[in-house]
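Undergrad: Below is one structure. I have some questions about it.
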Amino acid sequence: MTRTKIVAGNWKLHKLYHEGIDLAEEICSSMAAGIRTRSGEIPKVVLAPPYHLLNAVAGITAGVTGVYTAAQNAAAEISGAFTGEVSAQMIASAGAGYVIIGHSERRTLFGEDDAVLSRKLVLSLEAGLIPIYCIGEVLAQRLANAHFEVVLQQLKSGVFHLEEEAVARIVIAYEPVWAIGTGHTATPDQAEEMHAFIRRCFAERYHQAVADNLTILYGGSCKPDNAAELFSQPDVDGGLIGGASLKAADFLAIVKSV
Ligand code: PEP
């Protein structure tokens with residue numbers, strides 16, 4: 001995948017079935033009516049509903065240029081006696097093209113470590129999905145000035161085992177955990193500094209072309225009023241949006257500010 005501007009909406013544990021359909025339809029009808037980025041391009045938009053909406057939202061996004069569907073998680077197994085799990089192949093068979101892997105809520109609330117996440121990453125790629133792989137430090141790590149080291153370690157343990165051909169098919173989301181759902185956004189300078197660092201890490205592990213082609217999203221209290229400044233940073237290729245993706249007007253305003 002070449003480097004692209006993407007705005008992805010992570011609906012988390014929100015939206016009953018009919019509410020999710022309404023939201024997806026509203027976003028898709030605006031996109032179909034010709035929403036453009038500030039530079040006049042059709043933005044790439046990814047909607048990540050909970051599982052009960054996956055197939056229906058995939059059906060709605062299927063007919064709209066630039067809009068795709070993602071799952072919020074995938075199992076670390078292919079099939080078997082794993083009650084409650086949904087595999088990457090099942091996600092792909094439901095019509096989704098993307099999957100979020102390693103969101104900080106999965107890491108902290110569900111105890112998913114880099115080893116589990118790297119397996120999910122591999123299985124997602126094998127299923128033909130594009131993983132949006134999330135990394136980011138917690139507040140104590142930033143205050144201790146350990147954020148670069150933490151992010152590098154997450155890449156080394158979770159991602160850098162991939163061959164170059166596989167890395168070309170992933171998206172990275174830098175999500176400082178202290179900014180997720182807190183209203184405390186990283187400043188554009190803080191986001192740019194980390195995104196540039198992540199790109200350098202890929203250049204060092206693989207080579208410059210891999211780094212140049214990598215799409216790196218920012219996530220963490222991104223809203224209509226701060227998105228344009230964050231997205232105008234040279235290494236910020238769009239956003240992974242939580243709270244502000246739940247209202248079509250807010251989400252579309254963010255999409256337009258790419
Ligand atoms: C997220 O959940 O990925 C996220 C960035 O949430 P919020 O935008 O609400 O901070």
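In the structure tokens, chains take letters A, B, ... by order of appearance, with residues numbered from 1 within each chain and ligands from 1 in the order shown.
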Using only C-alpha atoms and all ligand atoms, which protein or nucleic acid residues are at most 9 Å from ligand 1, as a VMD selection string?

TA: chain A and resid 8 to 12 103 to 105 134 173 175 to 185 218 to 223 239 to 245

Undergrad: If DSSP is run on the backbone, what residues of range 149-226 of chain A are strand (DSSP E)? A reply as a list in words would be ideal.

TA: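 Restricting range 149-226 of chain A to strand (DSSP E) produces Val171, Ile172, Ala173, Tyr174, Thr215, Ile216, Leu217, Tyr218 and Gly219 of chain A.
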
Undergrad: Please produce a file of the residues just selected, as a JSON list (two decimals), in the first residue's frame, where the atoms kept are N, CA, C and O atoms.

TA:
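Produced file again.json, reproduced below:
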[["chain", "number", "residue", "atom", "x", "y", "z"],
["A", 171, "VAL", "N", -0.82, -0.37, 8.27],
["A", 171, "VAL", "CA", -0.93, 1.03, 8.66],
["A", 171, "VAL", "C", -0.56, 1.09, 10.14],
["A", 171, "VAL", "O", -0.91, 0.19, 10.90],
["A", 172, "ILE", "N", 0.19, 2.11, 10.53],
["A", 172, "ILE", "CA", 0.52, 2.29, 11.95],
["A", 172, "ILE", "C", -0.34, 3.42, 12.51],
["A", 172, "ILE", "O", -0.55, 4.43, 11.84],
["A", 173, "ALA", "N", -0.86, 3.24, 13.73],
["A", 173, "ALA", "CA", -1.55, 4.34, 14.40],
["A", 173, "ALA", "C", -0.77, 4.66, 15.68],
["A", 173, "ALA", "O", -0.63, 3.79, 16.55],
["A", 174, "TYR", "N", -0.24, 5.88, 15.76],
["A", 174, "TYR", "CA", 0.40, 6.31, 17.00],
["A", 174, "TYR", "C", -0.68, 6.91, 17.89],
["A", 174, "TYR", "O", -1.31, 7.91, 17.53],
["A", 215, "THR", "N", 1.89, 4.57, 6.00],
["A", 215, "THR", "CA", 0.84, 5.49, 6.47],
["A", 215, "THR", "C", 0.83, 5.45, 8.00],
["A", 215, "THR", "O", 0.67, 4.38, 8.59],
["A", 216, "ILE", "N", 1.01, 6.62, 8.63],
["A", 216, "ILE", "CA", 1.04, 6.68, 10.10],
["A", 216, "ILE", "C", -0.07, 7.64, 10.56],
["A", 216, "ILE", "O", -0.03, 8.84, 10.27],
["A", 217, "LEU", "N", -1.05, 7.08, 11.27],
["A", 217, "LEU", "CA", -2.19, 7.87, 11.75],
["A", 217, "LEU", "C", -1.94, 8.33, 13.18],
["A", 217, "LEU", "O", -1.26, 7.65, 13.95],
["A", 218, "TYR", "N", -2.52, 9.46, 13.52],
["A", 218, "TYR", "CA", -2.49, 9.92, 14.92],
["A", 218, "TYR", "C", -3.85, 9.63, 15.56],
["A", 218, "TYR", "O", -4.90, 9.85, 14.93],
["A", 219, "GLY", "N", -3.85, 9.18, 16.79],
["A", 219, "GLY", "CA", -5.10, 8.98, 17.53],
["A", 219, "GLY", "C", -4.96, 9.47, 18.96],
["A", 219, "GLY", "O", -3.93, 9.25, 19.61]]

Undergrad: Return the single residue from A:Leu230, A:Val210, A:Leu53, A:Ala75 that is closest to Leu16 in chain A, with distances computed using only C-alpha atoms.

TA: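 Among the listed residues, the smallest separation from Leu16 in chain A belongs to A:Leu53.
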
Undergrad: Return the single residue from A:Phe231, A:Tyr98, A:Phe197, A:Phe110 that is closest to Arg169 in chain A, with distances computed using only C-alpha atoms.

TA: A:Tyr98

Undergrad: For Phe202 in chain A, please output as a ChimeraX atom specification all residues within 10 Å (counting only C-alpha atoms; exclusion window: fewer than 3 positions along the same chain).

TA: /A:152,155,159-160,164,167,197-199,205-212,214

Undergrad: Between CA of Thr61 in chain A and CA of Val86 in chain A, what is the distance, to one decimal in Å?

TA: 20.8 Å

Undergrad: How many Å separate CA of Ile130 in chain A from CA of Val99 in chain A?

TA: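 Between CA of Ile130 in chain A and CA of Val99 in chain A the gap works out to 6.3 Å.
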
Undergrad: Need the shell around Gln89 in chain A: protein/DNA/RNA residues with any atom at most 10 Å away, counting only C-alpha atoms. Skip same-chain ones fewer than 4 positions apart. Format as an MDAnalysis selection string?

TA: chainID A and resid 74:75 78:79 93:94 96 123:129

Undergrad: What residues in range 23-144 of chain A get the DSSP label helix (DSSP H, G or I)? Please answer as a PyMOL selection string.

TA: chain A and resi 23-32+51-62+88-93+104-109+114-126+139-143

Undergrad: Of the residues A:Val57, A:Ile100, A:Met194, A:Ala253, which is the one nearest to Cys28 in chain A, using only C-alpha atoms?

TA: A:Val57

Undergrad: Between A:Asp237, A:Glu19, A:Glu26, A:Glu229, which is the closest to Leu252 in chain A once you count only C-alpha atoms?

TA: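 Of the candidates, the smallest distance to Leu252 in chain A is held by A:Glu26.
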
Undergrad: Within 7 Å of Glu137 in chain A, counting only C-alpha atoms, which residues qualify if same-chain residues fewer than 4 places away don't, as a count of residues only?

TA: 7

Undergrad: Given the choices A:His195, A:Lys256, A:Arg119, A:Arg106, which gets closest to Gly158 in chain A if the distance is worked out from only C-alpha atoms?

TA: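 Closest candidate: A:Arg119.
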
Undergrad: Would you pick out the contacts of Lys5 in chain A at 7 Å or less, using only C-alpha atoms, so that residues sharing its chain but fewer than 3 positions from it are not included, and give the list as a PyMOL selection string?

TA: chain A and resi 43-44+237-238

Undergrad: Find the residues around Glu192 in chain A up to 9 Å (only C-alpha atoms counted), leave out those fewer than 5 positions away in its own chain, and share them as a ChimeraX atom specification.

TA: /A:187,197,230,233-236
